[in-house]
file work.txt (compact mmCIF, C-alpha atoms)
# COMPACT_ATOMS: atom_id res chain seq x y z
CA MET A 1 265.11 -40.93 -28.70
CA LYS A 2 262.75 -41.70 -31.57
CA THR A 3 261.71 -38.99 -33.98
CA VAL A 4 258.14 -38.13 -34.95
CA LEU A 5 258.88 -39.60 -38.36
CA GLY A 6 260.14 -42.81 -36.74
CA ILE A 7 256.97 -43.15 -34.66
CA LEU A 8 254.77 -42.56 -37.71
CA SER A 9 256.70 -45.19 -39.65
CA GLU A 10 256.23 -47.68 -36.82
CA ILE A 11 252.48 -47.11 -36.80
CA ARG A 12 252.04 -47.19 -40.59
CA PRO A 13 255.16 -48.70 -42.15
CA GLU A 14 253.54 -48.95 -45.58
CA PHE A 15 253.47 -45.17 -46.06
CA ASP A 16 256.24 -42.68 -46.75
CA PHE A 17 255.54 -39.82 -44.38
CA THR A 18 258.22 -37.64 -45.94
CA GLU A 19 256.01 -37.23 -49.01
CA ASN A 20 254.20 -33.92 -49.22
CA ARG A 21 250.71 -35.29 -48.63
CA ASP A 22 247.87 -34.47 -46.27
CA PHE A 23 248.03 -37.45 -43.90
CA ILE A 24 244.33 -37.17 -43.02
CA LYS A 25 242.81 -36.44 -46.43
CA GLU A 26 244.94 -39.17 -47.99
CA GLY A 27 243.77 -41.65 -45.36
CA MET A 28 247.32 -42.33 -44.17
CA LEU A 29 246.24 -41.85 -40.56
CA ASP A 30 242.78 -42.89 -39.40
CA SER A 31 241.18 -42.33 -36.03
CA PHE A 32 242.71 -45.52 -34.58
CA ASP A 33 246.16 -44.45 -35.78
CA ILE A 34 245.77 -41.00 -34.23
CA ILE A 35 244.94 -42.49 -30.82
CA ALA A 36 248.02 -44.74 -31.07
CA LEU A 37 250.13 -41.81 -32.27
CA VAL A 38 249.06 -39.54 -29.41
CA SER A 39 249.91 -42.25 -26.91
CA SER A 40 253.34 -42.86 -28.49
CA LEU A 41 254.17 -39.15 -28.71
CA GLU A 42 253.23 -38.62 -25.06
CA GLN A 43 255.36 -41.55 -23.93
CA GLU A 44 258.35 -40.83 -26.11
CA PHE A 45 258.55 -37.07 -25.57
CA LEU A 46 257.14 -37.03 -22.00
CA ILE A 47 254.48 -34.54 -22.96
CA ARG A 48 250.79 -34.12 -22.43
CA ILE A 49 248.68 -33.40 -25.52
CA ASP A 50 245.48 -31.54 -24.67
CA GLY A 51 242.23 -33.19 -25.70
CA THR A 52 241.30 -30.01 -27.58
CA ASP A 53 244.46 -30.45 -29.67
CA ILE A 54 243.42 -33.88 -30.90
CA VAL A 55 241.88 -32.58 -34.10
CA PRO A 56 242.67 -33.68 -37.67
CA GLU A 57 244.55 -30.53 -38.67
CA ASN A 58 247.20 -31.15 -36.00
CA PHE A 59 248.01 -34.53 -37.58
CA ALA A 60 247.82 -33.60 -41.25
CA SER A 61 251.58 -33.26 -41.86
CA LEU A 62 254.94 -33.93 -40.27
CA ASP A 63 255.33 -30.21 -39.66
CA ALA A 64 251.93 -29.96 -37.92
CA ILE A 65 252.71 -32.93 -35.65
CA GLU A 66 256.15 -31.59 -34.74
CA LYS A 67 254.61 -28.22 -33.90
CA LEU A 68 252.05 -29.97 -31.73
CA VAL A 69 254.82 -31.81 -29.89
CA ARG A 70 256.76 -28.58 -29.30
CA ARG A 71 253.63 -26.77 -28.14
CA SER A 72 252.69 -29.63 -25.84
CA SER A 73 256.21 -29.88 -24.42
CA LYS A 74 255.79 -26.42 -22.95
CA LYS A 75 252.73 -27.56 -21.04
CA ALA A 76 254.36 -30.62 -19.52
CA MET B 1 220.65 -37.59 -20.07
CA LYS B 2 220.92 -34.81 -22.68
CA THR B 3 220.33 -34.95 -26.41
CA ALA B 4 223.33 -33.65 -28.37
CA GLN B 5 222.63 -30.85 -30.84
CA ILE B 6 226.14 -30.57 -32.29
CA GLY B 7 229.22 -32.78 -32.27
CA MET B 8 231.27 -30.12 -30.49
CA GLU B 9 229.31 -30.71 -27.26
CA ILE B 10 230.50 -34.31 -27.15
CA ILE B 11 234.07 -33.65 -28.25
CA ARG B 12 234.52 -30.83 -25.71
CA LEU B 13 233.34 -33.04 -22.84
CA ALA B 14 235.56 -35.91 -24.00
CA SER B 15 238.53 -33.51 -24.14
CA GLU B 16 237.87 -32.29 -20.60
CA ILE B 17 237.83 -35.86 -19.31
CA ARG B 18 241.02 -36.69 -21.18
CA ASP B 19 242.81 -33.58 -19.91
CA ASN B 20 242.12 -34.60 -16.30
CA ALA B 21 242.69 -38.31 -16.80
CA THR B 22 245.26 -40.48 -15.09
CA SER B 23 244.82 -43.31 -17.59
CA TYR B 24 242.33 -42.25 -20.25
CA GLN B 25 239.99 -44.97 -21.50
CA SER B 26 237.70 -44.58 -24.48
CA ASN B 27 236.07 -46.39 -27.35
CA LEU B 28 235.03 -43.13 -29.06
CA PHE B 29 237.03 -42.89 -32.27
CA ALA B 30 234.60 -40.54 -33.98
CA ASP B 31 235.64 -36.94 -34.50
CA GLU B 32 233.39 -33.89 -34.36
CA ALA B 33 232.40 -34.20 -38.02
CA LYS B 34 231.36 -37.81 -37.54
CA VAL B 35 229.22 -36.98 -34.50
CA ASP B 36 227.67 -34.11 -36.48
CA PHE B 37 226.88 -36.62 -39.21
CA TRP B 38 225.17 -38.96 -36.74
CA ILE B 39 223.03 -36.09 -35.48
CA ALA B 40 222.15 -34.88 -39.00
CA ASP B 41 221.38 -38.47 -39.96
CA GLU B 42 218.62 -38.43 -37.31
CA GLN B 43 220.44 -40.99 -35.22
CA LYS B 44 219.51 -39.67 -31.82
CA VAL B 45 222.70 -39.01 -29.84
CA LYS B 46 222.37 -38.62 -26.07
CA TYR B 47 225.01 -38.24 -23.41
CA VAL B 48 225.49 -38.10 -19.69
CA VAL B 49 228.46 -37.34 -17.45
CA ILE B 50 228.73 -39.50 -14.35
CA GLY B 51 231.69 -38.95 -12.04
CA ASN B 52 234.77 -38.89 -14.25
CA SER B 53 233.15 -40.58 -17.22
CA LEU B 54 231.21 -39.43 -20.25
CA PHE B 55 228.74 -41.92 -21.74
CA ILE B 56 227.34 -41.38 -25.22
CA PHE B 57 224.37 -43.25 -26.64
CA ARG B 58 223.71 -43.44 -30.37
CA GLU B 59 220.35 -44.81 -31.36
CA ASP B 60 220.28 -47.49 -34.02
CA ARG B 61 217.60 -49.93 -35.12
CA GLY B 62 215.91 -50.50 -31.75
CA PHE B 63 219.08 -50.42 -29.64
CA PHE B 64 221.84 -48.03 -28.60
CA HIS B 65 225.55 -48.03 -29.38
CA ILE B 66 227.32 -46.93 -26.22
CA TYR B 67 230.60 -45.02 -26.18
CA PHE B 68 232.59 -44.06 -23.11
CA CYS B 69 235.35 -41.62 -22.25
CA SER B 70 236.70 -42.13 -18.77
CA SER B 71 239.64 -40.86 -16.76
CA SER B 72 240.70 -44.37 -15.74
CA GLN B 73 239.47 -47.93 -15.77
CA ASP B 74 238.67 -47.73 -12.07
CA ASP B 75 236.51 -44.67 -12.70
CA LEU B 76 234.83 -46.36 -15.63
CA ASP B 77 234.03 -49.35 -13.43
CA LYS B 78 232.55 -47.13 -10.71
CA ASP B 79 230.64 -44.81 -13.06
CA LEU B 80 229.25 -47.60 -15.20
CA ALA B 81 227.61 -49.02 -12.08
CA ASP B 82 225.76 -45.72 -11.63
CA LEU B 83 224.44 -45.60 -15.18
CA GLN B 84 220.66 -45.86 -15.20
CA PRO B 85 219.29 -48.84 -17.16
CA GLN B 86 217.50 -48.11 -20.44
CA SER B 87 214.51 -49.64 -22.15
CA ALA B 88 216.60 -50.74 -25.15
CA ALA B 89 219.67 -52.93 -25.45
CA TRP B 90 223.16 -51.41 -25.27
CA VAL B 91 225.94 -52.47 -27.59
CA VAL B 92 229.55 -51.58 -26.90
CA ASP B 93 232.42 -52.04 -29.34
CA LEU B 94 235.84 -52.47 -27.72
CA VAL B 95 238.50 -51.80 -30.33
CA GLY B 96 242.24 -52.26 -29.96
CA ASN B 97 244.91 -54.89 -29.63
CA HIS B 98 243.89 -58.00 -27.70
CA SER B 99 246.17 -57.04 -24.82
CA GLN B 100 244.69 -53.54 -24.62
CA ILE B 101 241.05 -54.53 -24.50
CA ASN B 102 241.19 -57.70 -22.45
CA SER B 103 240.73 -55.89 -19.15
CA LEU B 104 237.94 -53.72 -20.62
CA GLU B 105 236.16 -56.86 -21.77
CA ASN B 106 236.33 -58.22 -18.22
CA LEU B 107 235.11 -54.91 -16.85
CA PHE B 108 232.07 -54.80 -19.11
CA SER B 109 231.35 -58.46 -18.35
CA SER B 110 231.17 -57.55 -14.68
CA HIS B 111 228.45 -55.01 -15.60
CA ASN B 112 226.25 -57.62 -17.29
CA PHE B 113 227.48 -57.14 -20.83
CA SER B 114 227.87 -60.41 -22.75
CA PRO B 115 230.19 -61.13 -25.66
CA TYR B 116 228.12 -61.02 -28.84
CA ALA B 117 230.60 -61.05 -31.72
CA SER B 118 234.18 -60.30 -32.58
CA LEU B 119 235.67 -58.80 -35.69
CA LYS B 120 239.22 -58.46 -36.89
CA ARG B 121 240.80 -56.01 -39.26
CA LEU B 122 242.37 -57.23 -42.48
CA VAL B 123 244.73 -55.12 -44.53
CA LEU B 124 246.08 -55.33 -48.04
CA SER B 125 249.15 -53.13 -48.39
CA ALA B 126 251.38 -52.14 -51.27
CA PRO B 127 253.42 -53.69 -52.76
CA ALA B 128 251.17 -56.70 -52.11
CA ALA B 129 248.30 -54.73 -53.62
CA GLU B 130 250.20 -54.37 -56.87
CA GLY B 131 250.50 -58.11 -57.20
CA LYS B 132 247.06 -58.99 -55.96
CA PRO B 133 245.33 -61.81 -57.78
CA ASP B 134 242.91 -60.94 -60.53
CA ALA B 135 243.66 -57.22 -60.32
CA SER B 136 243.38 -56.86 -64.05
CA TYR B 137 240.46 -59.22 -64.29
CA VAL B 138 237.55 -57.90 -66.29
CA GLY B 139 234.73 -60.25 -65.54
CA HIS B 140 231.84 -61.14 -67.74
CA GLU B 141 229.57 -59.60 -65.14
CA ASN B 142 228.53 -56.03 -65.76
CA VAL B 143 229.80 -54.18 -62.72
CA GLU B 144 228.45 -50.65 -62.56
CA LEU B 145 228.08 -47.77 -60.14
CA ALA B 146 224.91 -47.76 -58.06
CA ALA B 147 222.33 -45.15 -58.99
CA LEU B 148 220.32 -43.01 -56.59
CA SER B 149 217.25 -45.02 -57.54
CA ASP B 150 219.01 -48.10 -56.06
CA ALA B 151 219.15 -46.66 -52.53
CA ASP B 152 216.06 -48.39 -51.16
CA GLN B 153 216.98 -51.74 -52.64
CA LEU B 154 220.56 -51.42 -51.38
CA LEU B 155 219.33 -50.65 -47.91
CA LYS B 156 216.99 -53.61 -47.94
CA LEU B 157 219.76 -55.91 -49.13
CA LEU B 158 222.08 -54.75 -46.35
CA GLU B 159 219.41 -54.93 -43.67
CA THR B 160 218.36 -58.45 -44.63
CA SER B 161 221.93 -59.73 -44.98
CA PHE B 162 223.73 -58.27 -41.96
CA ASP B 163 223.14 -58.09 -38.24
CA PRO B 164 222.99 -54.41 -37.20
CA LEU B 165 224.26 -55.28 -33.72
CA LYS B 166 227.50 -56.55 -35.23
CA GLU B 167 228.03 -54.67 -38.44
CA GLN B 168 226.87 -51.05 -38.12
CA ILE B 169 224.56 -50.88 -41.13
CA PRO B 170 224.26 -47.40 -42.62
CA PHE B 171 221.02 -45.46 -42.80
CA LYS B 172 219.61 -44.29 -46.11
CA ARG B 173 221.22 -40.84 -46.00
CA GLU B 174 224.69 -42.35 -45.71
CA LEU B 175 223.95 -44.74 -48.56
CA VAL B 176 222.79 -41.88 -50.77
CA LEU B 177 226.03 -40.02 -50.04
CA GLY B 178 227.96 -43.18 -50.92
CA ILE B 179 226.10 -43.45 -54.22
CA GLU B 180 226.76 -39.78 -55.00
CA LYS B 181 230.48 -40.29 -54.35
CA GLY B 182 230.58 -43.33 -56.63
CA SER B 183 231.50 -45.58 -53.70
CA ILE B 184 229.00 -48.36 -54.36
CA LEU B 185 229.49 -50.91 -57.12
CA VAL B 186 226.65 -53.21 -58.10
CA VAL B 187 225.83 -56.09 -60.39
CA ARG B 188 222.26 -56.41 -61.64
CA LYS B 189 220.52 -59.59 -62.67
CA ASP B 190 216.94 -59.87 -63.82
CA GLN B 191 216.58 -56.14 -63.01
CA VAL B 192 217.36 -56.67 -59.34
CA LEU B 193 220.57 -56.02 -57.41
CA ALA B 194 222.41 -59.33 -57.27
CA GLY B 195 225.51 -58.00 -55.51
CA LEU B 196 227.14 -54.90 -54.12
CA LEU B 197 230.48 -53.63 -52.95
CA TYR B 198 230.51 -50.51 -50.80
CA HIS B 199 233.81 -48.80 -50.07
CA GLU B 200 235.15 -45.51 -48.72
CA THR B 201 238.27 -44.36 -50.50
CA MET B 202 240.32 -41.42 -49.28
CA GLY B 203 243.50 -40.65 -51.17
CA ILE B 204 245.80 -43.64 -50.85
CA THR B 205 243.63 -45.60 -48.40
CA SER B 206 240.42 -47.48 -49.07
CA ILE B 207 238.07 -49.12 -46.58
CA LEU B 208 235.92 -51.95 -47.87
CA ARG B 209 232.71 -51.69 -45.88
CA TYR B 210 230.41 -54.27 -47.44
CA TRP B 211 230.83 -56.94 -50.06
CA LEU B 212 227.72 -58.94 -50.63
CA VAL B 213 226.09 -61.21 -53.17
CA SER B 214 222.40 -61.92 -52.72
CA GLU B 215 221.86 -65.56 -51.70
CA HIS B 216 220.00 -66.45 -54.90
CA TYR B 217 222.91 -65.29 -57.10
CA ARG B 218 225.89 -66.86 -55.34
CA ASN B 219 228.53 -69.07 -57.01
CA ARG B 220 228.21 -67.26 -60.33
CA GLY B 221 231.35 -65.13 -60.14
CA ILE B 222 229.49 -61.97 -59.16
CA GLY B 223 231.49 -61.51 -55.95
CA SER B 224 234.84 -61.90 -57.66
CA ALA B 225 233.77 -59.53 -60.45
CA LEU B 226 232.91 -56.87 -57.86
CA MET B 227 236.14 -57.37 -55.90
CA SER B 228 238.35 -57.39 -58.96
CA ARG B 229 236.78 -54.23 -60.30
CA TYR B 230 237.16 -52.55 -56.91
CA LEU B 231 240.82 -53.47 -56.51
CA SER B 232 241.63 -52.20 -59.98
CA LEU B 233 239.69 -48.94 -59.67
CA TYR B 234 242.28 -47.10 -57.59
CA PRO B 235 245.85 -47.82 -58.71
CA ASN B 236 247.18 -45.19 -56.30
CA VAL B 237 245.70 -46.80 -53.19
CA LYS B 238 248.43 -48.24 -50.98
CA ARG B 239 246.29 -49.67 -48.22
CA PHE B 240 242.96 -51.51 -48.46
CA MET B 241 241.30 -52.30 -45.14
CA LEU B 242 238.20 -54.08 -43.90
CA TRP B 243 236.62 -55.55 -40.78
CA VAL B 244 235.35 -59.11 -40.86
CA LEU B 245 233.59 -61.30 -38.32
CA THR B 246 236.16 -63.68 -36.89
CA ASP B 247 233.82 -66.66 -37.33
CA ASN B 248 233.09 -65.89 -40.98
CA VAL B 249 235.69 -68.31 -42.26
CA ASP B 250 234.35 -68.31 -45.82
CA ALA B 251 234.73 -64.56 -46.14
CA ILE B 252 238.16 -64.60 -44.50
CA SER B 253 239.31 -67.27 -46.92
CA LYS B 254 238.12 -65.15 -49.86
CA TYR B 255 239.85 -62.04 -48.54
CA ARG B 256 243.07 -63.98 -48.07
CA HIS B 257 242.81 -65.08 -51.70
CA TYR B 258 243.02 -61.42 -52.65
CA GLY B 259 246.04 -60.86 -50.41
CA PHE B 260 244.44 -59.41 -47.28
CA LYS B 261 246.21 -60.18 -44.01
CA GLU B 262 245.29 -59.68 -40.39
CA ASP B 263 246.71 -56.69 -38.56
CA SER B 264 246.59 -56.43 -34.80
CA LEU B 265 243.25 -54.67 -34.34
CA VAL B 266 240.18 -56.51 -33.08
CA ASP B 267 236.68 -55.33 -32.24
CA ILE B 268 234.90 -57.14 -29.42
CA VAL B 269 231.15 -56.47 -29.55
CA MET B 270 229.35 -56.84 -26.24
CA ILE B 271 225.65 -56.46 -25.51
CA ARG B 272 223.53 -55.77 -22.47
CA GLY B 273 219.87 -56.55 -22.86
CA ALA B 274 217.08 -54.11 -22.14
CA ASN B 275 215.84 -53.92 -18.58

call {"tool": "encode", "arguments": {"input": "work.txt", "output": "structure tokens"}}
result
Amino acid sequence: MKTVLGILSEIRPEFDFTENRDFIKEGMLDSFDIIALVSSLEQEFLIRIDGTDIVPENFASLDAIEKLVRRSSKKA
Amino acid sequence: MKTAQIGMEIIRLASEIRDNATSYQSNLFADEAKVDFWIADEQKVKYVVIGNSLFIFREDRGFFHIYFCSSSQDDLDKDLADLQPQSAAWVVDLVGNHSQINSLENLFSSHNFSPYASLKRLVLSAPAAEGKPDASYVGHENVELAALSDADQLLKLLETSFDPLKEQIPFKRELVLGIEKGSILVVRKDQVLAGLLYHETMGITSILRYWLVSEHYRNRGIGSALMSRYLSLYPNVKRFMLWVLTDNVDAISKYRHYGFKEDSLVDIVMIRGAN
């Protein structure tokens, strides 16, 4: 199974997502990337991410995305 | 059809559709803040829910951009047929990989939308950006930041040079914000704006929105002076991006010169005339 980090690196290979940066404020993930990321996370982890959870703060860091995945897993 | 007062109205409805979707379809990439900006910018934003689809209309210069959020492509097909015709043209942007949007293009064609233009995204990534041509070039042209007093002239230059149906020209308020952020570079000649470069830079990513030299001042190195200054302004940027019309071969050739390459995203612009 892929990791969240692996999926991020597939979507934007030019960035190092292990760096302590705000992915949104730094422009590492734009709105197109987030749509692709949500789709990949749902397919890979067999989860359903609520529309209300698709907000910038849930994609701002690796930790935030992993928490979103765990939270969404419970709803699946 | 309702007029949106705040972006949250739109985002909440889109979320509801997505949560009940079997195969969510949308061309709405704007977040709540962006929709709020449209509303504050006096771009009238209206919406309607039909069946399992939300349709959003954003007024531009005599036409409407149309956005959709639908629970499936079948629902979109059905609900689009029930959408009441308007007195102004509708323009839809279908953004994604070719394979993703091909069926949507066919669907919109079946509802009397015609292909109008296509754009592709070009990207310049590090380490290519570090070795980009002319990055250290300091031209003989005096590239400077636009001033607030340039706003009207900038707007006129954009409106006379670009097609609003294809290229989403900003309104004055957005331009003023761009000037205040230092996002617009200009070259002046004979006390008029001979060229401009308008970008949005966030952290390590920069989007090049417009790069333009007024027709009368072309072939004098103004464009390359603007581009070279732009590329050297932000040494920390790791990704430069832009959208270009696929038939604008001259521009594409220039972008390639600076190291930009195509990524997989395309934008198919389709239009349905006023009834």

call {"tool": "atom_distance", "arguments": {"input": "work.txt", "atom1": "CA of Leu245 (chain B)", "atom2": "CA of Lys181 (chain B)"}}
result
26.6 Å

call {"tool": "atom_distance", "arguments": {"input": "work.txt", "atom1": "CA of Leu158 (chain B)", "atom2": "CA of Ile268 (chain B)"}}
result
21.4 Å

call {"tool": "closest_residue", "arguments": {"input": "work.txt", "among": "B:Ala4, B:Val92, B:Ala30, B:Leu83", "to": "chain A", "atoms": "only C-alpha atoms"}}
result
B:Ala30

call {"tool": "closest_residue", "arguments": {"input": "work.txt", "among": "B:Ser70, B:Val48, B:Pro115, B:Gly221", "to": "Ser15 (chain B)", "atoms": "only C-alpha atoms"}}
result
B:Ser70

call {"tool": "atom_distance", "arguments": {"input": "work.txt", "atom1": "CA of Met28 (chain A)", "atom2": "CA of Arg121 (chain B)"}}
result
15.9 Å

call {"tool": "residues_near_point", "arguments": {"input": "work.txt", "point": "(243.2, -40.1, -38.6)", "cutoff": "10 Å", "atoms": "only C-alpha atoms", "output": "VMD selection string"}}
result
(chain A and resid 23 to 35 37 54 to 57 59 to 60) or (chain B and resid 29 to 31)

call {"tool": "closest_residue", "arguments": {"input": "work.txt", "among": "B:Gln25, B:Gln43, B:Thr205, B:Thr246", "to": "chain A", "atoms": "all atoms listed in the file"}}
result
B:Thr205

call {"tool": "closest_atom_pairs", "arguments": {"input": "work.txt", "of": "chain B", "to": "chain A", "cutoff": "9 Å", "atoms": "all atoms listed in the file", "output": "tab-separated table"}}
result
residue	atom	partner	partner_atom	distance
B:Ile11	CA	A:Thr52	CA	8.1
B:Arg12	CA	A:Thr52	CA	7.1
B:Ala14	CA	A:Gly51	CA	7.4
B:Ser15	CA	A:Gly51	CA	4.0
B:Glu16	CA	A:Gly51	CA	6.8
B:Ile17	CA	A:Gly51	CA	8.2
B:Arg18	CA	A:Gly51	CA	5.8
B:Asp19	CA	A:Asp50	CA	5.8
B:Phe29	CA	A:Ser31	CA	5.6
B:Ala30	CA	A:Ser31	CA	7.1
B:Asp31	CA	A:Val55	CA	7.6
B:Glu32	CA	A:Val55	CA	8.6
B:Val95	CA	A:Phe32	CA	8.7
B:Gly96	CA	A:Phe32	CA	8.2
B:Ser125	CA	A:Glu14	CA	6.7
B:Ala126	CA	A:Glu14	CA	6.9
B:Pro127	CA	A:Glu14	CA	8.6
B:Thr201	CA	A:Gly27	CA	8.0
B:Met202	CA	A:Gly27	CA	5.2
B:Gly203	CA	A:Glu26	CA	3.8
B:Ile204	CA	A:Glu26	CA	5.4
B:Thr205	CA	A:Gly27	CA	5.0
B:Ser206	CA	A:Gly27	CA	7.7
B:Lys238	CA	A:Glu14	CA	7.5
B:Arg239	CA	A:Glu14	CA	7.7

call {"tool": "residues_around", "arguments": {"input": "work.txt", "residues": "Tyr67 (chain B)", "least_positions_apart": "6", "cutoff": "8 Å", "atoms": "all atoms listed in the file", "output": "ChimeraX atom specification"}}
result
/B:26-28,55-57,92-93

call {"tool": "closest_residue", "arguments": {"input": "work.txt", "among": "A:Leu41, A:Ile47, A:Leu62, A:Met1", "to": "Asp16 (chain A)", "atoms": "only C-alpha atoms"}}
result
A:Leu62

call {"tool": "closest_residue", "arguments": {"input": "work.txt", "among": "B:Ile10, B:Ile222, B:Val123, B:Glu167", "to": "Met241 (chain B)", "atoms": "only C-alpha atoms"}}
result
B:Val123

call {"tool": "residues_around", "arguments": {"input": "work.txt", "residues": "Ser40 (chain A)", "least_positions_apart": "4", "cutoff": "10 Å", "atoms": "only C-alpha atoms", "output": "PDB file with C-alpha atoms, in the coordinates of the input"}}
result
ATOM      1  CA  LYS A   2     262.750 -41.700 -31.570  1.00  0.00           C
ATOM      2  CA  VAL A   4     258.140 -38.130 -34.950  1.00  0.00           C
ATOM      3  CA  ILE A   7     256.970 -43.150 -34.660  1.00  0.00           C
ATOM      4  CA  LEU A   8     254.770 -42.560 -37.710  1.00  0.00           C
ATOM      5  CA  ILE A  11     252.480 -47.110 -36.800  1.00  0.00           C
ATOM      6  CA  ILE A  34     245.770 -41.000 -34.230  1.00  0.00           C
ATOM      7  CA  ILE A  35     244.940 -42.490 -30.820  1.00  0.00           C
ATOM      8  CA  ALA A  36     248.020 -44.740 -31.070  1.00  0.00           C
ATOM      9  CA  GLU A  44     258.350 -40.830 -26.110  1.00  0.00           C
ATOM     10  CA  PHE A  45     258.550 -37.070 -25.570  1.00  0.00           C
ATOM     11  CA  LEU A  46     257.140 -37.030 -22.000  1.00  0.00           C
TER      12      LEU A  46
END

call {"tool": "axis_aligned_box", "arguments": {"input": "work.txt", "around": "region 65-69 of chain A", "padding_each_side": "6 Å", "output": "lines of an AutoDock Vina configuration file"}}
result
center_x = 254.1
center_y = -30.6
center_z = -32.8
size_x = 16.1
size_y = 16.7
size_z = 17.8

call {"tool": "closest_residue", "arguments": {"input": "work.txt", "among": "B:Trp90, B:Tyr210, B:Trp243, B:Tyr47", "to": "Gly62 (chain B)", "atoms": "only C-alpha atoms"}}
result
B:Trp90

call {"tool": "decode", "arguments": {"input": "work.txt", "residues": "region 258-269 of chain B", "atoms": "N, CA, C and O atoms", "output": "tab-separated table (two decimals), in the first residue's frame"}}
result
chain	number	residue	atom	x	y	z
B	258	TYR	N	12.70	29.36	-22.28
B	258	TYR	CA	13.03	29.60	-20.88
B	258	TYR	C	12.98	28.31	-20.04
B	258	TYR	O	13.17	28.35	-18.84
B	259	GLY	N	12.68	27.20	-20.67
B	259	GLY	CA	12.72	25.91	-19.97
B	259	GLY	C	11.37	25.36	-19.55
B	259	GLY	O	11.30	24.31	-18.90
B	260	PHE	N	10.29	26.03	-19.91
B	260	PHE	CA	8.96	25.52	-19.55
B	260	PHE	C	8.64	24.28	-20.38
B	260	PHE	O	8.99	24.20	-21.56
B	261	LYS	N	7.97	23.33	-19.72
B	261	LYS	CA	7.55	22.10	-20.41
B	261	LYS	C	6.09	21.82	-20.12
B	261	LYS	O	5.58	22.22	-19.06
B	262	GLU	N	5.46	21.11	-21.02
B	262	GLU	CA	4.05	20.77	-20.81
B	262	GLU	C	3.91	19.79	-19.67
B	262	GLU	O	4.72	18.88	-19.53
B	263	ASP	N	2.86	19.99	-18.82
B	263	ASP	CA	2.49	18.88	-17.93
B	263	ASP	C	1.20	18.30	-18.51
B	263	ASP	O	0.89	18.54	-19.66
B	264	SER	N	0.48	17.53	-17.75
B	264	SER	CA	-0.62	16.80	-18.38
B	264	SER	C	-1.95	17.55	-18.39
B	264	SER	O	-2.93	17.07	-18.96
B	265	LEU	N	-2.00	18.72	-17.76
B	265	LEU	CA	-3.30	19.40	-17.64
B	265	LEU	C	-3.65	20.22	-18.88
B	265	LEU	O	-2.80	20.93	-19.42
B	266	VAL	N	-4.90	20.10	-19.30
B	266	VAL	CA	-5.41	20.93	-20.39
B	266	VAL	C	-6.71	21.58	-19.93
B	266	VAL	O	-7.37	21.12	-18.99
B	267	ASP	N	-7.06	22.64	-20.60
B	267	ASP	CA	-8.30	23.37	-20.32
B	267	ASP	C	-9.03	23.53	-21.64
B	267	ASP	O	-8.55	24.23	-22.54
B	268	ILE	N	-10.16	22.84	-21.77
B	268	ILE	CA	-10.96	22.96	-22.99
B	268	ILE	C	-12.06	23.99	-22.70
B	268	ILE	O	-12.86	23.80	-21.78
B	269	VAL	N	-12.07	25.06	-23.47
B	269	VAL	CA	-13.07	26.12	-23.29
B	269	VAL	C	-14.18	25.90	-24.30
B	269	VAL	O	-13.93	25.82	-25.51
